[in-house]
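Chemist: Please find one structure pasted underneath; my questions will follow.
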Amino acid sequence: MIFALFGILITSIGVSPVFGENGSIIVSTDKSTYSENDLILISGEIKYIALGDQLSLIIQSPNGNIVQLDQMTVGSDKKFSTEINPNGPYWKTPGMYKITITQDENNQATMSFEFTGISSVSVEELEGEVTVEELEGEV
């Protein structure tokens, strides 16, 4: 019986959701994979609007660089959404990109999506990439 319970526990940890959720924030995208000319639709819902109606959005590339930093306002229905156009020098790297939605320091949800990268970026444009550590150091 203990082995069966342990097996169920291990398999439940290995299953990943289609969306990000932490209990007070739910976030999802309209697709799991995007290419260069696709718009990324990010939407979700918060549980506690009393904590504030402002959310921060951070998208990180596979190498940890920040490719998008934004702020969203939650509607009176507790829902939020935004469209991201993945173009520019920071979106060149193909792979899994991480979305982090933060309401306050205790309420945060993350999820990932795959992006095939863009092909029309010069090396000079990539020199201005910003890492999370650099951003945190400035704040």
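Each chain of the structure tokens is named A, B, ... in the order shown, its residues numbered from 1; ligands are numbered from 1 in display order.
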If we count only C-alpha atoms and set the cut-off at 12 Å, which residues sit around Ser32 (chain A), ignoring sequence neighbours fewer than 6 positions away in its own chain? Please answer as JSON, numbers by chain.

Modeler: {"A": [17, 18, 19, 38, 40, 41, 42, 95, 96, 97, 98, 111, 112, 113, 114, 115, 116]}

Chemist: Create the file for the chosen residues now, containing all heavy atoms and written as a short mmCIF file (atom, residue, chain, number, x, y, z; two decimals), in the first residue's frame.

Modeler:
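Dumped to result-v9.cif:
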data_model
loop_
_atom_site.label_atom_id
_atom_site.label_comp_id
_atom_site.auth_asym_id
_atom_site.auth_seq_id
_atom_site.Cartn_x
_atom_site.Cartn_y
_atom_site.Cartn_z
N PRO A 17 0.65 21.34 -15.58
CA PRO A 17 -0.60 21.91 -16.06
C PRO A 17 -0.40 22.69 -17.36
O PRO A 17 0.69 23.08 -17.71
CB PRO A 17 -1.02 22.85 -14.93
CG PRO A 17 0.26 23.22 -14.27
CD PRO A 17 1.15 22.01 -14.41
N VAL A 18 -1.52 22.91 -18.07
CA VAL A 18 -1.51 23.69 -19.30
C VAL A 18 -1.42 25.17 -18.97
O VAL A 18 -1.07 25.98 -19.80
CB VAL A 18 -2.79 23.39 -20.12
CG1 VAL A 18 -2.85 24.21 -21.38
CG2 VAL A 18 -2.89 21.91 -20.43
N PHE A 19 -1.70 25.53 -17.76
CA PHE A 19 -1.68 26.91 -17.35
C PHE A 19 -0.95 27.01 -16.03
O PHE A 19 -0.69 26.02 -15.37
CB PHE A 19 -3.11 27.46 -17.22
CG PHE A 19 -3.98 26.64 -16.31
CD1 PHE A 19 -4.04 26.90 -14.96
CD2 PHE A 19 -4.73 25.59 -16.82
CE1 PHE A 19 -4.84 26.14 -14.13
CE2 PHE A 19 -5.54 24.82 -15.98
CZ PHE A 19 -5.58 25.10 -14.64
N ASP A 38 3.46 35.34 -34.73
CA ASP A 38 2.29 35.09 -33.90
C ASP A 38 2.16 36.14 -32.80
O ASP A 38 3.16 36.62 -32.26
CB ASP A 38 2.39 33.72 -33.22
CG ASP A 38 2.30 32.56 -34.19
OD1 ASP A 38 1.80 32.77 -35.31
OD2 ASP A 38 2.72 31.46 -33.81
N ILE A 40 1.02 36.64 -28.94
CA ILE A 40 0.87 35.81 -27.74
C ILE A 40 -0.22 36.42 -26.88
O ILE A 40 -0.08 37.55 -26.40
CB ILE A 40 2.20 35.73 -26.96
CG1 ILE A 40 3.30 35.17 -27.85
CG2 ILE A 40 2.02 34.90 -25.69
CD1 ILE A 40 4.69 35.32 -27.27
N LEU A 41 -1.32 35.70 -26.70
CA LEU A 41 -2.41 36.17 -25.87
C LEU A 41 -2.27 35.55 -24.48
O LEU A 41 -2.33 34.33 -24.33
CB LEU A 41 -3.77 35.80 -26.47
CG LEU A 41 -4.99 36.18 -25.64
CD1 LEU A 41 -5.07 37.69 -25.42
CD2 LEU A 41 -6.26 35.67 -26.30
N ILE A 42 -2.06 36.40 -23.48
CA ILE A 42 -1.92 35.96 -22.10
C ILE A 42 -3.17 36.44 -21.36
O ILE A 42 -3.54 37.61 -21.45
CB ILE A 42 -0.67 36.57 -21.44
CG1 ILE A 42 0.58 36.15 -22.22
CG2 ILE A 42 -0.57 36.15 -19.98
CD1 ILE A 42 1.83 36.89 -21.81
N GLY A 95 13.23 28.37 -27.87
CA GLY A 95 13.16 27.52 -26.68
C GLY A 95 11.97 27.86 -25.82
O GLY A 95 11.01 28.49 -26.25
N MET A 96 12.04 27.44 -24.55
CA MET A 96 10.95 27.64 -23.60
C MET A 96 11.11 29.01 -22.91
O MET A 96 12.14 29.29 -22.31
CB MET A 96 10.94 26.55 -22.53
CG MET A 96 10.58 25.17 -23.08
SD MET A 96 8.96 25.09 -23.88
CE MET A 96 7.88 25.21 -22.49
N TYR A 97 10.06 29.82 -23.02
CA TYR A 97 10.02 31.14 -22.38
C TYR A 97 9.14 31.05 -21.14
O TYR A 97 8.13 30.36 -21.14
CB TYR A 97 9.47 32.18 -23.35
CG TYR A 97 10.50 32.64 -24.36
CD1 TYR A 97 11.01 31.78 -25.32
CD2 TYR A 97 10.96 33.95 -24.35
CE1 TYR A 97 11.95 32.19 -26.23
CE2 TYR A 97 11.91 34.38 -25.27
CZ TYR A 97 12.40 33.49 -26.21
OH TYR A 97 13.34 33.91 -27.10
N LYS A 98 9.53 31.75 -20.10
CA LYS A 98 8.81 31.69 -18.82
C LYS A 98 8.04 32.99 -18.59
O LYS A 98 8.61 34.07 -18.68
CB LYS A 98 9.81 31.47 -17.68
CG LYS A 98 9.21 31.46 -16.31
CD LYS A 98 10.32 31.28 -15.28
CE LYS A 98 9.84 31.59 -13.89
NZ LYS A 98 10.95 31.55 -12.93
N MET A 111 4.22 30.20 -15.78
CA MET A 111 3.95 29.19 -16.79
C MET A 111 4.97 29.36 -17.90
O MET A 111 5.69 30.36 -17.93
CB MET A 111 2.53 29.29 -17.31
CG MET A 111 2.23 30.53 -18.11
SD MET A 111 0.76 30.39 -19.12
CE MET A 111 1.14 29.02 -20.17
N SER A 112 5.01 28.43 -18.82
CA SER A 112 5.98 28.49 -19.92
C SER A 112 5.29 28.23 -21.25
O SER A 112 4.24 27.61 -21.31
CB SER A 112 7.08 27.45 -19.72
OG SER A 112 7.79 27.72 -18.54
N PHE A 113 5.93 28.72 -22.31
CA PHE A 113 5.49 28.44 -23.67
C PHE A 113 6.73 28.32 -24.53
O PHE A 113 7.80 28.80 -24.17
CB PHE A 113 4.55 29.53 -24.21
CG PHE A 113 5.20 30.89 -24.33
CD1 PHE A 113 5.84 31.27 -25.50
CD2 PHE A 113 5.15 31.78 -23.28
CE1 PHE A 113 6.43 32.52 -25.61
CE2 PHE A 113 5.74 33.03 -23.38
CZ PHE A 113 6.38 33.40 -24.56
N GLU A 114 6.59 27.65 -25.65
CA GLU A 114 7.71 27.48 -26.56
C GLU A 114 7.65 28.53 -27.65
O GLU A 114 6.58 28.85 -28.16
CB GLU A 114 7.70 26.09 -27.18
CG GLU A 114 8.94 25.82 -27.99
CD GLU A 114 9.07 24.36 -28.40
OE1 GLU A 114 8.24 23.54 -27.99
OE2 GLU A 114 10.00 24.08 -29.15
N PHE A 115 8.82 29.10 -27.98
CA PHE A 115 8.91 30.09 -29.04
C PHE A 115 10.03 29.66 -29.98
O PHE A 115 11.11 29.29 -29.53
CB PHE A 115 9.20 31.47 -28.45
CG PHE A 115 9.24 32.57 -29.47
CD1 PHE A 115 8.10 32.91 -30.18
CD2 PHE A 115 10.40 33.25 -29.70
CE1 PHE A 115 8.13 33.92 -31.13
CE2 PHE A 115 10.44 34.28 -30.64
CZ PHE A 115 9.31 34.61 -31.35
N THR A 116 9.75 29.71 -31.29
CA THR A 116 10.73 29.24 -32.26
C THR A 116 11.84 30.25 -32.52
O THR A 116 12.81 29.92 -33.19
CB THR A 116 10.05 28.89 -33.59
OG1 THR A 116 9.39 30.06 -34.10
CG2 THR A 116 9.05 27.77 -33.41
#

Chemist: Can you list, as a PDB file with N, CA, C and O atoms, in the first residue's frame, every protein, DNA or RNA residue that comes within 9 Å of Phe80 (chain A) when you count only C-alpha atoms, leaving out same-chain residues fewer than 2 positions away?

Modeler:
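Result file follows (result08.pdb):
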ATOM      1  N   VAL A  27      -3.057  31.848 -14.749  1.00  0.00           N
ATOM      2  CA  VAL A  27      -2.599  32.466 -15.996  1.00  0.00           C
ATOM      3  C   VAL A  27      -2.521  31.405 -17.081  1.00  0.00           C
ATOM      4  O   VAL A  27      -2.184  30.253 -16.814  1.00  0.00           O
ATOM      5  N   ILE A  42      -2.059  36.403 -23.484  1.00  0.00           N
ATOM      6  CA  ILE A  42      -1.922  35.965 -22.097  1.00  0.00           C
ATOM      7  C   ILE A  42      -3.171  36.438 -21.361  1.00  0.00           C
ATOM      8  O   ILE A  42      -3.543  37.608 -21.447  1.00  0.00           O
ATOM      9  N   SER A  43      -3.818  35.530 -20.647  1.00  0.00           N
ATOM     10  CA  SER A  43      -5.015  35.898 -19.905  1.00  0.00           C
ATOM     11  C   SER A  43      -5.062  35.133 -18.596  1.00  0.00           C
ATOM     12  O   SER A  43      -4.324  34.172 -18.397  1.00  0.00           O
ATOM     13  N   GLY A  44      -5.926  35.584 -17.722  1.00  0.00           N
ATOM     14  CA  GLY A  44      -6.043  34.899 -16.448  1.00  0.00           C
ATOM     15  C   GLY A  44      -7.022  35.571 -15.521  1.00  0.00           C
ATOM     16  O   GLY A  44      -7.786  36.451 -15.928  1.00  0.00           O
ATOM     17  N   GLU A  45      -6.959  35.139 -14.292  1.00  0.00           N
ATOM     18  CA  GLU A  45      -7.887  35.626 -13.287  1.00  0.00           C
ATOM     19  C   GLU A  45      -7.195  35.633 -11.929  1.00  0.00           C
ATOM     20  O   GLU A  45      -6.353  34.776 -11.649  1.00  0.00           O
ATOM     21  N   ILE A  46      -7.552  36.616 -11.103  1.00  0.00           N
ATOM     22  CA  ILE A  46      -7.043  36.653  -9.730  1.00  0.00           C
ATOM     23  C   ILE A  46      -8.196  36.357  -8.782  1.00  0.00           C
ATOM     24  O   ILE A  46      -9.361  36.559  -9.113  1.00  0.00           O
ATOM     25  N   LEU A  55      -1.035  44.119 -11.791  1.00  0.00           N
ATOM     26  CA  LEU A  55      -0.203  42.925 -11.899  1.00  0.00           C
ATOM     27  C   LEU A  55       1.030  43.256 -12.715  1.00  0.00           C
ATOM     28  O   LEU A  55       0.960  44.038 -13.666  1.00  0.00           O
ATOM     29  N   MET A  72      -0.198  45.267 -15.859  1.00  0.00           N
ATOM     30  CA  MET A  72      -1.575  45.107 -16.318  1.00  0.00           C
ATOM     31  C   MET A  72      -2.532  45.507 -15.202  1.00  0.00           C
ATOM     32  O   MET A  72      -2.221  45.347 -14.025  1.00  0.00           O
ATOM     33  N   THR A  73      -3.691  45.989 -15.594  1.00  0.00           N
ATOM     34  CA  THR A  73      -4.751  46.310 -14.655  1.00  0.00           C
ATOM     35  C   THR A  73      -5.824  45.227 -14.752  1.00  0.00           C
ATOM     36  O   THR A  73      -6.244  44.863 -15.847  1.00  0.00           O
ATOM     37  N   VAL A  74      -6.247  44.738 -13.605  1.00  0.00           N
ATOM     38  CA  VAL A  74      -7.274  43.700 -13.539  1.00  0.00           C
ATOM     39  C   VAL A  74      -8.642  44.379 -13.595  1.00  0.00           C
ATOM     40  O   VAL A  74      -8.873  45.391 -12.940  1.00  0.00           O
ATOM     41  N   GLY A  75      -9.556  43.803 -14.363  1.00  0.00           N
ATOM     42  CA  GLY A  75     -10.906  44.331 -14.463  1.00  0.00           C
ATOM     43  C   GLY A  75     -11.720  44.032 -13.221  1.00  0.00           C
ATOM     44  O   GLY A  75     -11.316  43.238 -12.365  1.00  0.00           O
ATOM     45  N   ASP A  77     -14.165  42.258 -12.979  1.00  0.00           N
ATOM     46  CA  ASP A  77     -14.542  40.841 -12.993  1.00  0.00           C
ATOM     47  C   ASP A  77     -13.395  39.924 -12.552  1.00  0.00           C
ATOM     48  O   ASP A  77     -13.488  38.714 -12.650  1.00  0.00           O
ATOM     49  N   LYS A  78     -12.291  40.533 -12.097  1.00  0.00           N
ATOM     50  CA  LYS A  78     -11.097  39.837 -11.601  1.00  0.00           C
ATOM     51  C   LYS A  78     -10.297  39.165 -12.716  1.00  0.00           C
ATOM     52  O   LYS A  78      -9.470  38.313 -12.465  1.00  0.00           O
ATOM     53  N   THR A  82      -3.623  40.389 -21.978  1.00  0.00           N
ATOM     54  CA  THR A  82      -2.753  41.255 -22.755  1.00  0.00           C
ATOM     55  C   THR A  82      -2.266  40.479 -23.971  1.00  0.00           C
ATOM     56  O   THR A  82      -2.243  39.248 -23.965  1.00  0.00           O
TER      57      THR A  82
END

Chemist: Tell me which protein, DNA and RNA residues are within 9 Å of Gln54 (chain A), counting only C-alpha atoms, leaving out same-chain ones fewer than 2 positions away, and put them as a ChimeraX atom specification.

Modeler: /A:51-52,56,71-74,102-104

Chemist: Next, dump the selected residues to file, keeping only C-alpha atoms, as a PDB file, in the first residue's frame.

Modeler:
ATOM      1  CA  LEU A  51      -4.819  42.953  -2.699  1.00  0.00           C
ATOM      2  CA  GLY A  52      -4.700  45.370  -5.631  1.00  0.00           C
ATOM      3  CA  SER A  56       3.332  42.807 -13.193  1.00  0.00           C
ATOM      4  CA  GLN A  71       2.088  46.068 -15.964  1.00  0.00           C
ATOM      5  CA  MET A  72      -1.575  45.107 -16.318  1.00  0.00           C
ATOM      6  CA  THR A  73      -4.751  46.310 -14.655  1.00  0.00           C
ATOM      7  CA  VAL A  74      -7.274  43.700 -13.539  1.00  0.00           C
ATOM      8  CA  THR A 102       2.909  38.914  -9.813  1.00  0.00           C
ATOM      9  CA  GLN A 103       0.188  40.563  -7.745  1.00  0.00           C
ATOM     10  CA  ASP A 104       2.292  41.052  -4.619  1.00  0.00           C
TER      11      ASP A 104
END

Chemist: Neighbours of Asn37 (chain A) within 10 Å (only C-alpha atoms; same-chain residues fewer than 5 positions away dropped), as a short mmCIF file (atom, residue, chain, number, x, y, z; two decimals) with N, CA and C atoms, in the first residue's frame?

Modeler:
data_model
loop_
_atom_site.label_atom_id
_atom_site.label_comp_id
_atom_site.auth_asym_id
_atom_site.auth_seq_id
_atom_site.Cartn_x
_atom_site.Cartn_y
_atom_site.Cartn_z
N ASN A 85 3.53 41.04 -28.78
CA ASN A 85 4.06 40.85 -30.13
C ASN A 85 5.54 40.49 -30.00
N PRO A 86 5.90 39.24 -30.21
CA PRO A 86 7.28 38.80 -30.00
C PRO A 86 8.20 39.20 -31.15
N ASN A 87 8.62 40.44 -31.12
CA ASN A 87 9.57 40.89 -32.14
C ASN A 87 10.66 41.71 -31.46
N GLY A 117 11.70 31.47 -32.01
CA GLY A 117 12.72 32.50 -32.20
C GLY A 117 12.46 33.30 -33.47
N ILE A 118 13.21 34.41 -33.60
CA ILE A 118 13.10 35.21 -34.81
C ILE A 118 14.45 35.20 -35.52
#

Chemist: Which residues, written as a list of chain:residue names, have at least one atom at most 9 Å from Asn107 (chain A), with only C-alpha atoms counted and residues fewer than 4 positions away on the same chain left out?

Modeler: A:Asn22, A:Gly23, A:Ser24, A:Ile25, A:Ile101, A:Thr102, A:Gln103

Chemist: Between A:Ser81, A:Lys47, A:Ser28, A:Ile99, which one has atoms that come closest to Pro62 (chain A), using only C-alpha atoms?

Modeler: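 Of A:Ser81, A:Lys47, A:Ser28, A:Ile99, the one nearest Pro62 (chain A) is A:Ile99, counting only C-alpha atoms.
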
Chemist: Using CA of Ser61 (chain A) and CA of Thr93 (chain A) as the two end points, give the distance in Å to one decimal.

Modeler: 6.9 Å

Chemist: So which one's closest to Gly88 (chain A), A:Ser76, A:Thr29, A:Gln68, A:Thr110? Using only C-alpha atoms, please.

Modeler: A:Gln68

Chemist: Rank A:Tyr48, A:Ile26, A:Tyr90, A:Lys79 by their smallest atom-to-atom distance to Ser119 (chain A), using only C-alpha atoms, and report the top residue only.

Modeler: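 Checking each of A:Tyr48, A:Ile26, A:Tyr90, A:Lys79 against Ser119 (chain A), counting only C-alpha atoms, the winner is A:Tyr90.
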
Chemist: So how many Å separate CA of Ile66 (chain A) and CA of Glu105 (chain A), to one decimal?

Modeler: 18.9 Å

Chemist: Compare A:Leu57, A:Ile49, A:Val67, A:Leu39 by their minimum atom-to-atom distance to Ala109 (chain A), counting only C-alpha atoms, and give me the closest one.

Modeler: A:Leu57
